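Below is entry36.txt, which holds compact mmCIF, C-alpha atoms.
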```txt
# COMPACT_ATOMS: atom_id res chain seq x y z
CA MET A 89 104.48 241.52 216.59
CA LEU A 90 103.47 238.84 219.00
CA LEU A 91 100.96 238.73 221.79
CA PHE A 92 101.58 236.61 224.80
CA LYS A 93 98.83 235.50 227.06
CA SER A 94 100.32 234.11 230.22
CA LEU A 95 97.60 232.97 232.56
CA ASN A 96 96.02 230.16 234.43
CA CYS A 97 93.61 228.37 232.14
CA SER A 98 91.25 225.58 233.00
CA SER A 99 91.49 222.30 231.20
CA SER A 100 88.34 220.92 232.81
CA HIS A 101 86.52 220.89 229.48
CA LEU A 102 88.98 218.30 228.25
CA GLN A 103 87.13 215.88 230.51
CA SER A 104 83.65 217.17 229.70
CA PRO A 105 82.05 218.34 226.47
CA VAL A 106 80.98 221.79 227.72
CA PRO A 107 83.67 224.49 227.79
CA SER A 108 83.55 227.06 230.57
CA SER A 109 84.12 230.80 230.25
CA ARG A 110 87.60 232.19 230.66
CA PHE A 111 88.94 235.23 232.51
CA PHE A 112 92.35 236.33 231.37
CA PRO A 113 94.01 238.32 234.15
CA SER A 114 96.71 239.91 232.00
CA VAL A 115 97.95 240.29 228.46
CA ILE A 116 101.46 241.26 227.38
CA VAL A 117 101.26 243.13 224.11
CA ARG A 118 104.45 243.62 222.17
CA THR A 119 104.58 246.38 219.57
CA PRO A 120 107.56 248.23 218.03
CA ARG A 121 107.25 251.12 220.50
CA THR A 122 105.36 250.08 223.60
CA LEU A 123 105.18 247.27 226.10
CA SER A 124 101.97 247.41 228.07
CA ILE A 125 99.86 245.20 230.26
CA ARG A 126 96.10 245.19 229.83
CA ARG A 127 93.35 243.36 231.63
CA ILE A 128 90.85 241.49 229.52
CA ARG A 129 87.69 239.65 230.39
CA THR A 130 86.28 237.35 227.77
CA ASN A 131 83.76 234.58 227.43
CA GLY A 132 84.22 231.74 225.02
CA SER A 133 86.14 228.57 224.70
CA ILE A 134 89.51 229.88 223.61
CA SER A 135 92.39 229.27 225.95
CA MET A 136 96.03 230.18 225.88
CA ALA A 137 98.99 228.35 227.24
CA CYS A 138 99.26 228.33 230.99
CA THR A 139 101.86 230.44 232.72
CA ASP A 140 105.28 229.31 231.51
CA ASP A 141 106.79 232.53 230.30
CA SER A 142 110.33 231.35 229.64
CA ARG A 143 109.27 228.57 227.28
CA LEU A 144 106.67 230.71 225.54
CA LYS A 145 109.11 233.59 225.16
CA ARG A 146 111.65 231.33 223.50
CA ILE A 147 109.00 229.86 221.21
CA ALA A 148 107.67 233.30 220.26
CA ALA A 149 111.17 234.64 219.65
CA SER A 150 111.96 231.73 217.34
CA ILE A 151 109.03 232.41 214.98
CA ARG A 152 109.99 234.55 212.00
CA VAL A 153 107.53 237.02 210.49
CA ILE A 154 107.59 237.42 206.71
CA PRO A 155 105.60 240.45 205.48
CA ASP A 156 103.23 240.47 202.52
CA PHE A 157 102.78 236.71 202.14
CA PRO A 158 100.61 235.14 200.77
CA LYS A 159 99.32 238.56 199.78
CA PRO A 160 100.10 242.25 200.52
CA GLY A 161 99.33 243.31 204.07
CA VAL A 162 99.50 239.79 205.55
CA MET A 163 102.30 239.01 208.03
CA PHE A 164 103.21 235.33 207.50
CA GLN A 165 104.17 233.52 210.70
CA ASP A 166 107.03 231.23 209.73
CA ILE A 167 107.48 228.27 212.06
CA THR A 168 110.45 226.81 210.17
CA THR A 169 112.80 228.92 212.30
CA LEU A 170 111.18 227.41 215.40
CA LEU A 171 112.02 223.96 214.03
CA LEU A 172 115.68 225.03 213.69
CA ASP A 173 115.81 225.68 217.45
CA PRO A 174 115.72 222.21 219.06
CA GLN A 175 114.92 223.61 222.52
CA ALA A 176 112.05 225.78 221.23
CA PHE A 177 110.66 222.87 219.20
CA LYS A 178 110.90 220.57 222.24
CA ASP A 179 109.23 223.19 224.44
CA THR A 180 106.39 223.52 221.91
CA ILE A 181 105.73 219.79 221.92
CA ASP A 182 106.12 219.57 225.71
CA LEU A 183 103.51 222.31 226.27
CA PHE A 184 100.96 220.40 224.18
CA VAL A 185 101.86 217.02 225.72
CA GLU A 186 101.53 218.44 229.25
CA ARG A 187 98.03 219.59 228.39
CA TYR A 188 96.80 216.42 226.68
CA LYS A 189 98.57 213.52 228.40
CA GLY A 190 96.20 211.45 230.51
CA LYS A 191 93.07 213.04 229.00
CA GLY A 192 91.99 209.89 227.12
CA ILE A 193 92.80 211.31 223.69
CA THR A 194 92.85 208.38 221.25
CA VAL A 195 93.50 210.26 217.98
CA VAL A 196 95.76 213.17 217.07
CA ALA A 197 94.69 214.43 213.63
CA GLY A 198 97.25 216.62 211.88
CA ILE A 199 96.36 218.92 209.00
CA GLU A 200 98.60 218.78 205.92
CA ALA A 201 101.42 219.66 205.86
CA ARG A 202 102.64 221.60 208.88
CA GLY A 203 100.27 219.72 211.15
CA PHE A 204 102.31 216.63 210.21
CA ILE A 205 105.34 218.21 211.91
CA PHE A 206 103.72 218.80 215.31
CA GLY A 207 101.08 216.06 215.41
CA PRO A 208 103.15 212.83 215.39
CA PRO A 209 105.50 213.74 218.29
CA ILE A 210 102.45 214.69 220.37
CA ALA A 211 100.62 211.49 219.39
CA LEU A 212 103.60 209.32 220.31
CA ALA A 213 104.06 211.05 223.66
CA ILE A 214 100.42 210.63 224.69
CA GLY A 215 99.99 207.12 223.23
CA ALA A 216 97.42 208.11 220.59
CA LYS A 217 97.00 207.20 216.94
CA PHE A 218 98.18 209.79 214.41
CA VAL A 219 95.84 210.47 211.50
CA PRO A 220 96.98 212.67 208.61
CA MET A 221 94.26 214.94 207.22
CA ARG A 222 95.25 215.53 203.62
CA LYS A 223 94.52 217.50 200.48
CA PRO A 224 92.54 215.61 197.81
CA LYS A 225 94.00 212.57 196.04
CA LYS A 226 97.02 212.21 198.31
CA LEU A 227 95.73 209.31 200.44
CA PRO A 228 95.93 205.94 198.68
CA GLY A 229 92.97 204.14 200.28
CA GLU A 230 89.26 204.82 200.46
CA VAL A 231 88.64 208.31 201.84
CA ILE A 232 85.95 210.50 203.27
CA SER A 233 86.07 214.19 202.37
CA GLU A 234 84.85 217.52 203.69
CA GLU A 235 84.67 220.56 201.45
CA TYR A 236 85.34 224.08 202.69
CA SER A 237 85.37 227.59 201.27
CA LEU A 238 88.44 229.54 200.29
CA GLU A 239 88.56 233.23 199.49
CA TYR A 240 88.20 232.19 195.86
CA GLY A 241 86.64 228.77 195.35
CA THR A 242 86.68 225.69 197.56
CA ASP A 243 89.06 223.00 198.76
CA LYS A 244 88.70 219.61 200.43
CA ILE A 245 90.27 217.80 203.33
CA GLU A 246 90.32 213.98 203.47
CA ILE A 247 91.01 211.09 205.84
CA HIS A 248 91.03 207.34 205.32
CA VAL A 249 87.62 205.87 206.11
CA ASP A 250 89.01 203.37 208.61
CA ALA A 251 91.40 205.69 210.41
CA VAL A 252 88.98 207.14 212.98
CA GLN A 253 86.30 205.16 214.80
CA SER A 254 83.04 206.28 216.35
CA GLY A 255 83.81 207.14 219.96
CA ASP A 256 87.42 208.17 219.33
CA ARG A 257 88.43 211.26 221.33
CA ALA A 258 90.29 213.47 218.87
CA LEU A 259 92.72 216.36 219.05
CA VAL A 260 93.19 218.38 215.85
CA ILE A 261 96.63 219.91 215.29
CA ASP A 262 97.86 222.59 212.92
CA ASP A 263 100.66 225.12 213.10
CA LEU A 264 98.39 228.16 212.80
CA VAL A 265 94.73 229.16 212.87
CA ALA A 266 93.73 232.21 210.83
CA THR A 267 90.19 232.33 209.43
CA GLY A 268 89.45 228.87 210.82
CA GLY A 269 88.20 227.50 207.50
CA THR A 270 90.51 224.49 207.35
CA LEU A 271 90.24 223.76 211.06
CA SER A 272 86.45 223.86 211.08
CA ALA A 273 86.35 221.53 208.06
CA ALA A 274 88.66 219.13 209.89
CA ILE A 275 86.40 219.19 212.96
CA ARG A 276 83.27 218.57 210.86
CA LEU A 277 84.95 215.64 209.10
CA LEU A 278 86.00 213.96 212.33
CA GLU A 279 82.56 214.49 213.86
CA ARG A 280 80.92 212.99 210.77
CA VAL A 281 82.76 209.71 211.39
CA GLY A 282 81.61 209.73 215.00
CA ALA A 283 84.68 211.07 216.80
CA GLU A 284 84.42 213.55 219.65
CA VAL A 285 86.72 216.49 218.88
CA VAL A 286 87.96 217.29 222.36
CA GLU A 287 90.00 220.31 221.29
CA SER A 288 91.92 221.90 218.42
CA ALA A 289 95.46 223.03 219.13
CA CYS A 290 97.72 225.38 217.20
CA VAL A 291 101.06 226.98 217.87
CA ILE A 292 99.85 230.38 216.62
CA GLU A 293 96.52 232.16 216.34
CA LEU A 294 95.81 235.29 214.30
CA PRO A 295 92.86 236.60 216.32
CA GLU A 296 92.07 239.45 213.91
CA LEU A 297 91.01 236.87 211.34
CA LYS A 298 88.32 235.58 213.74
CA GLY A 299 89.00 231.86 213.43
CA ARG A 300 87.53 231.44 216.92
CA GLU A 301 84.13 232.59 215.69
CA LYS A 302 84.26 230.06 212.84
CA LEU A 303 84.89 227.24 215.34
CA GLY A 304 81.85 228.22 217.43
CA ASP A 305 81.69 226.15 220.61
CA SER A 306 84.55 223.82 219.60
CA PRO A 307 87.45 224.48 222.00
CA LEU A 308 90.68 225.96 220.66
CA PHE A 309 94.03 226.05 222.48
CA VAL A 310 96.98 228.12 221.22
CA LEU A 311 100.44 228.92 222.51
CA ILE A 312 100.91 232.31 220.87
CA GLN A 313 98.67 235.02 219.45
CA ALA A 314 100.11 237.17 216.71
CA GLU A 315 99.09 240.17 214.68
CA GLY A 316 98.80 238.70 211.22
CA VAL A 317 97.36 241.59 209.25
CA MET B 245 127.01 185.82 227.98
CA ALA B 246 127.98 188.60 225.58
CA GLU B 247 126.96 186.39 222.67
CA GLU B 248 123.57 185.71 224.29
CA GLN B 249 123.00 189.41 224.92
CA SER B 250 123.94 190.14 221.34
CA LYS B 251 121.46 187.54 220.07
CA GLU B 252 118.76 188.98 222.35
CA ILE B 253 119.35 192.46 220.89
CA VAL B 254 119.12 191.07 217.35
CA ARG B 255 115.86 189.23 218.19
CA GLU B 256 114.40 192.39 219.71
CA VAL B 257 115.32 194.52 216.70
CA ASP B 258 113.90 191.85 214.38
CA SER B 259 110.62 191.69 216.32
CA ARG B 260 110.28 195.46 216.07
CA ARG B 261 110.90 195.34 212.34
CA LEU B 262 108.33 192.54 212.02
CA ALA B 263 105.80 194.66 213.89
CA ILE B 264 106.52 197.64 211.61
CA SER B 265 106.18 195.47 208.52
CA ALA B 266 102.90 193.98 209.74
CA SER B 267 101.46 197.45 210.25
CA VAL B 268 102.04 198.63 206.65
CA ARG B 269 99.07 198.30 204.29
CA VAL B 270 99.41 197.51 200.60
CA ILE B 271 97.13 199.42 198.22
CA PRO B 272 97.17 197.92 194.72
CA HIS B 273 97.31 200.13 191.65
CA PHE B 274 98.09 203.42 193.40
CA PRO B 275 99.05 205.94 192.13
CA LYS B 276 98.78 204.03 188.85
CA PRO B 277 98.07 200.47 187.61
CA GLY B 278 100.72 197.92 188.53
CA ILE B 279 102.08 199.77 191.54
CA MET B 280 101.63 198.02 194.93
CA PHE B 281 101.69 201.12 197.13
CA ASN B 282 103.05 200.69 200.67
CA ASP B 283 100.76 202.81 202.86
CA ILE B 284 102.44 203.86 206.12
CA THR B 285 99.33 205.60 207.48
CA THR B 286 98.24 202.29 209.02
CA MET B 287 101.53 202.20 210.96
CA LEU B 288 100.72 205.62 212.38
CA LEU B 289 97.50 204.10 213.77
CA CYS B 290 99.57 201.60 215.81
CA PRO B 291 101.47 203.60 218.43
CA GLY B 292 103.67 200.57 219.22
CA ALA B 293 104.79 200.09 215.62
CA PHE B 294 105.21 203.82 215.04
CA GLN B 295 107.28 204.20 218.22
CA ALA B 296 109.39 201.18 217.19
CA ALA B 297 110.24 202.85 213.87
CA ILE B 298 111.24 206.09 215.59
CA ASP B 299 113.27 204.17 218.19
CA LEU B 300 115.23 202.32 215.50
CA PHE B 301 116.20 205.61 213.84
CA VAL B 302 117.04 207.27 217.18
CA GLU B 303 119.20 204.31 218.23
CA ARG B 304 121.17 204.63 215.01
CA TYR B 305 121.68 208.40 214.99
CA HIS B 306 121.88 209.54 218.59
CA CYS B 307 125.65 208.98 218.75
CA MET B 308 126.52 210.05 215.22
CA HIS B 309 126.78 213.81 215.92
CA VAL B 310 123.89 214.65 213.63
CA SER B 311 123.15 218.40 213.55
CA ALA B 312 119.93 218.20 211.56
CA ILE B 313 117.33 215.81 210.22
CA ALA B 314 115.82 216.96 206.92
CA GLY B 315 112.39 215.51 206.13
CA ILE B 316 110.84 215.43 202.68
CA GLU B 317 107.32 216.82 202.32
CA ALA B 318 104.87 215.38 203.19
CA ARG B 319 105.30 211.81 204.50
CA GLY B 320 108.87 212.50 205.60
CA PHE B 321 107.37 215.10 207.95
CA MET B 322 105.56 212.32 209.79
CA PHE B 323 108.82 210.68 210.91
CA ALA B 324 111.70 213.12 210.82
CA PRO B 325 110.59 215.61 213.50
CA SER B 326 110.19 212.89 216.16
CA VAL B 327 113.69 211.61 215.44
CA ALA B 328 115.13 215.14 215.48
CA LEU B 329 113.47 215.93 218.82
CA GLN B 330 114.78 212.77 220.45
CA ILE B 331 118.39 213.26 219.33
CA GLY B 332 118.39 217.02 219.96
CA ALA B 333 118.89 217.95 216.29
CA LYS B 334 117.27 220.67 214.18
CA PHE B 335 114.40 219.64 211.92
CA ILE B 336 114.58 220.99 208.38
CA PRO B 337 111.52 220.64 206.15
CA LEU B 338 112.25 220.10 202.47
CA TRP B 339 109.23 221.55 200.71
CA LYS B 340 107.44 221.11 197.43
CA PRO B 341 107.53 224.37 195.42
CA ASN B 342 105.85 227.58 196.56
CA ARG B 343 104.97 226.43 200.05
CA PHE B 344 107.51 228.61 201.75
CA PRO B 345 107.62 232.39 201.35
CA GLY B 346 111.15 233.14 202.47
CA GLU B 347 114.32 232.93 200.44
CA VAL B 348 114.84 229.35 199.26
CA ILE B 349 117.25 227.23 197.27
CA SER B 350 115.70 224.72 194.87
CA GLU B 351 116.64 221.46 193.21
CA ARG B 352 114.71 220.09 190.26
CA TYR B 353 114.47 216.37 189.67
CA GLU B 354 113.06 213.99 187.08
CA LEU B 355 109.81 212.11 187.50
CA GLU B 356 108.65 209.34 185.22
CA TYR B 357 106.59 211.98 183.42
CA GLY B 358 107.89 215.51 183.87
CA THR B 359 109.85 217.09 186.69
CA ASP B 360 109.33 218.18 190.29
CA CYS B 361 111.24 220.40 192.67
CA LEU B 362 112.36 220.44 196.30
CA GLU B 363 113.05 223.65 198.23
CA MET B 364 114.90 224.45 201.44
CA CYS B 365 114.95 227.78 203.18
CA VAL B 366 118.23 229.68 203.00
CA GLY B 367 120.13 229.48 206.25
CA ALA B 368 118.53 226.23 207.42
CA VAL B 369 121.93 224.49 207.40
CA GLN B 370 125.40 225.84 207.93
CA PRO B 371 128.51 224.66 206.08
CA GLY B 372 129.97 221.56 207.69
CA GLU B 373 126.82 220.50 209.53
CA ARG B 374 126.06 216.76 209.52
CA VAL B 375 122.61 216.00 208.14
CA VAL B 376 120.43 212.91 207.76
CA ILE B 377 117.66 213.04 205.14
CA MET B 378 114.46 211.13 205.91
CA ASP B 379 111.48 209.99 203.91
CA ASP B 380 108.90 207.24 204.39
CA LEU B 381 110.01 205.22 201.39
CA VAL B 382 112.75 205.03 198.74
CA ALA B 383 111.89 203.57 195.33
CA THR B 384 113.96 205.00 192.47
CA GLY B 385 115.96 207.32 194.70
CA GLY B 386 115.12 210.35 192.58
CA THR B 387 113.62 212.41 195.40
CA LEU B 388 116.40 211.47 197.82
CA SER B 389 118.99 212.41 195.18
CA ALA B 390 117.48 215.86 194.83
CA ALA B 391 117.38 216.28 198.59
CA ILE B 392 121.05 215.30 198.95
CA LEU B 393 122.12 217.72 196.23
CA LEU B 394 120.01 220.50 197.78
CA VAL B 395 121.44 220.10 201.27
CA GLU B 396 125.02 219.75 200.04
CA ARG B 397 124.72 222.87 197.86
CA ALA B 398 124.17 224.74 201.11
CA GLY B 399 127.53 223.37 202.31
CA ALA B 400 126.30 220.72 204.72
CA ASP B 401 127.43 217.09 204.76
CA VAL B 402 124.73 214.48 204.20
CA ILE B 403 125.99 211.49 206.16
CA GLU B 404 123.11 209.14 205.36
CA CYS B 405 119.54 208.87 204.15
CA ALA B 406 116.96 207.04 206.25
CA CYS B 407 113.68 205.52 205.15
CA VAL B 408 111.13 203.27 206.77
CA ILE B 409 110.72 201.20 203.58
CA GLY B 410 113.15 200.58 200.75
CA LEU B 411 114.08 198.10 198.08
CA PRO B 412 116.78 195.61 199.15
CA LYS B 413 119.16 196.99 196.51
CA PHE B 414 119.72 200.05 198.73
CA LYS B 415 121.34 197.84 201.37
CA VAL B 416 124.33 197.58 199.06
CA SER B 417 124.03 200.53 196.71
CA THR B 418 124.02 204.23 197.46
CA VAL B 419 122.19 207.36 196.37
CA GLN B 420 124.56 210.13 195.22
CA GLY B 421 127.26 208.16 197.03
CA LYS B 422 125.38 208.26 200.35
CA PRO B 423 124.28 205.12 202.19
CA VAL B 424 120.59 204.54 202.82
CA PHE B 425 119.45 203.11 206.16
CA ILE B 426 116.20 201.19 205.74
CA LEU B 427 114.03 199.54 208.38
CA ILE B 428 111.99 197.08 206.25
CA ASP B 429 111.66 195.74 202.72
CA PRO B 430 108.57 196.71 200.74
CA VAL B 431 105.48 194.76 201.76
CA SER B 432 103.76 192.87 198.95
```
Please lay out the structure from this file as structure tokens.
Amino acid sequence: MLLFKSLNCSSSHLQSPVPSSRFFPSVIVRTPRTLSIRRIRTNGSISMACTDDSRLKRIAASIRVIPDFPKPGVMFQDITTLLLDPQAFKDTIDLFVERYKGKGITVVAGIEARGFIFGPPIALAIGAKFVPMRKPKKLPGEVISEEYSLEYGTDKIEIHVDAVQSGDRALVIDDLVATGGTLSAAIRLLERVGAEVVESACVIELPELKGREKLGDSPLFVLIQAEGV
Amino acid sequence: MAEEQSKEIVREVDSRRLAISASVRVIPHFPKPGIMFNDITTMLLCPGAFQAAIDLFVERYHCMHVSAIAGIEARGFMFAPSVALQIGAKFIPLWKPNRFPGEVISERYELEYGTDCLEMCVGAVQPGERVVIMDDLVATGGTLSAAILLVERAGADVIECACVIGLPKFKVSTVQGKPVFILIDPVS
């Protein structure tokens, strides 16, 4: 079950550090039995893709949902079927590039491993560096790490110490944001080395898992919202 | 005139390969003593060199009727999707084990110590489709071998493997009978 939000969204915060509030004029909610339109007003720095229904519809239709993974009750959003549709994959990249081209983004940081699929094409198209953010012990050079909590235990995310400079304007990319744990660790790590994280961008958000709250004031842009639980 | 144009093309391709080579960093003794690891992450920090690598792959494959580019997790993911997008092909991720929840086919392969496994989701390729397999680097060819066997078990035809870096021996020898297209020799 996928939610679309088709609306006009400001990108003014991409030029300034303070995000403005958002008013979403309409939401299309798809469920097995009903198709309804609701009006929502919200404050906060989340934004959805701007009105481009045909591309978003194709992207949403290409994502496969696999129930009960990684655990019972969770609906896994599988982007590999999107990658098998060259037009949907191109549209996905184009929507991100249209948003970020010409915004002075110097670094696209992709989170291992699915962030490595979307990040490099975006980086190349906007003329930015691509920086892989990896699990521990994968990067060969000197690294800087940020630890974050899992449901059980902790994990770490790492970058090379010389990959990102103070003053870099960074975009963080992953395929999906759920609880926001990995994304918020990525943001903290980039900010520790002096980068300005302009925005985080994901193909899919699972809003019920409240990743937006975890990110606080750090802007988040997604193409699709989905019911993940 | 044709000869001059041909020489100009060769010089341009060589200068791009030189730029790619210059952007690769060598990390001694990773992942173990004695190995001079070729780190491509520094290339990704140079948009010109990174774009040159993608362009060289796209120029080779855009007229070869390639249906899909399969990239090997994780560094293959950094190159293969850009090539797939530019030639209008599908991108197929070849995963390490247990990353992907759907139905998969697997291929085990030998490491120096122990074994590893590659997985591809069922239905990613159709019989008869023409596929190129990409990774950042080929050393022994073990991972590429497993990838070729995996994709061909699904009925597709692997026409070539493509790597940014590879030992010169792969210019004349094959992996599982498939040629390997390499941009640069290992940097030392």
Proximity to chain B - best of A:Arg152, A:Arg146, A:Arg257, A:Arg280, only C-alpha atoms: A:Arg152
Within 6 Å of segment 305-313 of chain B: each segment 333-374 of chain B residue with its shortest pair, all atoms listed in the file, as a Markdown table:
```
| residue | atom | partner | partner_atom | distance |
| --- | --- | --- | --- | --- |
| B:Ala333 | CA | B:Ala312 | CA | 4.8 |
| B:Lys334 | CA | B:Ala312 | CA | 4.5 |
| B:Phe335 | CA | B:Ile313 | CA | 5.1 |
| B:Glu373 | CA | B:Ser311 | CA | 5.8 |
| B:Arg374 | CA | B:Val310 | CA | 5.1 |
```
Excluding segment 405-415 of chain B and residues on its chain fewer than 6 positions from it, collect all residues at most 6 Å away from it, counting all atoms listed in the file, and give them as a PDB file with C-alpha atoms, keeping the file's coordinate frame.
```pdb
ATOM      1  CA  VAL B 376     120.430 212.910 207.760  1.00  0.00           C
ATOM      2  CA  ILE B 377     117.660 213.040 205.140  1.00  0.00           C
ATOM      3  CA  MET B 378     114.460 211.130 205.910  1.00  0.00           C
ATOM      4  CA  ASP B 379     111.480 209.990 203.910  1.00  0.00           C
ATOM      5  CA  ASP B 380     108.900 207.240 204.390  1.00  0.00           C
ATOM      6  CA  LEU B 381     110.010 205.220 201.390  1.00  0.00           C
ATOM      7  CA  VAL B 382     112.750 205.030 198.740  1.00  0.00           C
ATOM      8  CA  VAL B 424     120.590 204.540 202.820  1.00  0.00           C
ATOM      9  CA  PHE B 425     119.450 203.110 206.160  1.00  0.00           C
ATOM     10  CA  ILE B 426     116.200 201.190 205.740  1.00  0.00           C
ATOM     11  CA  LEU B 427     114.030 199.540 208.380  1.00  0.00           C
ATOM     12  CA  ILE B 428     111.990 197.080 206.250  1.00  0.00           C
ATOM     13  CA  ASP B 429     111.660 195.740 202.720  1.00  0.00           C
ATOM     14  CA  PRO B 430     108.570 196.710 200.740  1.00  0.00           C
TER      15      PRO B 430
END
```
Name the residues in contact with Lys340 of chain B at a cut-off of 9 Å, using only C-alpha atoms, excluding same-chain residues fewer than 3 positions from it; report them as a list in words.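 Near Lys340 of chain B, the qualifying residues are Ile316, Glu317, Ala318, Arg343, Phe344, Asp360, Cys361, Leu362 and Glu363 of chain B.
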Mind giving me the straight-line distance from atom CA of Val254 of chain B to atom CA of Ser267 of chain B in Å, one decimal?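 The value is 20.1 Å.
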Given only C-alpha atoms as the counted atoms, nearest of B:Met287, B:Ile253, B:Ala263, B:Ala391 to chain A: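 Distance minimum relative to chain A lands on B:Met287.
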Residues within 10 Å of Val302 of chain B, please, as a ChimeraX atom specification. Count all atoms listed in the file; anything in the same chain fewer than 6 positions from it doesn't count. /B:296,326-331
Chain A contacts to chain B at 10 Å (all atoms listed in the file) as a ChimeraX atom specification: /A:152-158,164,166,168-175,177-178,181,194-196,198,200-220,222,225-230,248,250-252
Residue among A:Asp141, A:Glu293, A:Glu287, A:Asp182 lying closest to Ile312 of chain A, counting all atoms listed in the file: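 The shortest atom-to-atom distance to Ile312 of chain A comes from A:Glu293.
Minimum atom-to-atom distances from B:Asp401, B:Glu356, B:Val416, B:Ser389 to Gln370 of chain B were compared using all atoms listed in the file, and the lowest value belongs to B:Asp401.
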Which of these residues is nearest to Ile247 of chain A, using only C-alpha atoms: A:Met221, A:Ala149, A:Ile261, A:Ala289?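 Counting only C-alpha atoms, the residue closest to Ile247 of chain A is A:Met221.
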Could you tell me which of B:Gly386, B:Val419, B:Leu300, B:Tyr357 comes closest to Asp258 of chain B if we count all atoms listed in the file? B:Leu300
What's the separation between atom CA of Ser288 of chain A and atom CA of Phe309 of chain A, in Å to one decimal place?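 Between these atoms lies a distance of 6.2 Å.
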Axis-aligned box for segment 179-187 of chain A, 5 Å per side, centre and edges in Å as JSON:
```
{"center_x": 103.6, "center_y": 220.3, "center_z": 225.6, "size_x": 21.2, "size_y": 16.5, "size_z": 17.3}
```
Just to confirm, what's the straight-line distance from atom CA of Arg276 of chain A to atom CA of Glu239 of chain A in Å (one decimal)?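 It comes out at 19.3 Å.
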Close residues, Ile232 of chain A itself excluded, 9 Å, only C-alpha atoms, min 4 positions apart in chain, as a PDB file with C-alpha atoms, in the frame of the given file:
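Written file, around_10.pdb:
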```pdb
ATOM      1  CA  ILE A 245      90.270 217.800 203.330  1.00  0.00           C
ATOM      2  CA  GLU A 246      90.320 213.980 203.470  1.00  0.00           C
ATOM      3  CA  ILE A 247      91.010 211.090 205.840  1.00  0.00           C
ATOM      4  CA  HIS A 248      91.030 207.340 205.320  1.00  0.00           C
ATOM      5  CA  VAL A 249      87.620 205.870 206.110  1.00  0.00           C
ATOM      6  CA  LEU A 277      84.950 215.640 209.100  1.00  0.00           C
ATOM      7  CA  VAL A 281      82.760 209.710 211.390  1.00  0.00           C
TER       8      VAL A 281
END
```
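All residues of protein, DNA or RNA that reach within 10 Å of Asp179 of chain A, judged by only C-alpha atoms and not counting those fewer than 6 positions away in the chain, are A:Ser142, A:Arg143, A:Leu144, A:Arg146, A:Ile147, A:Asp173, A:Val185.
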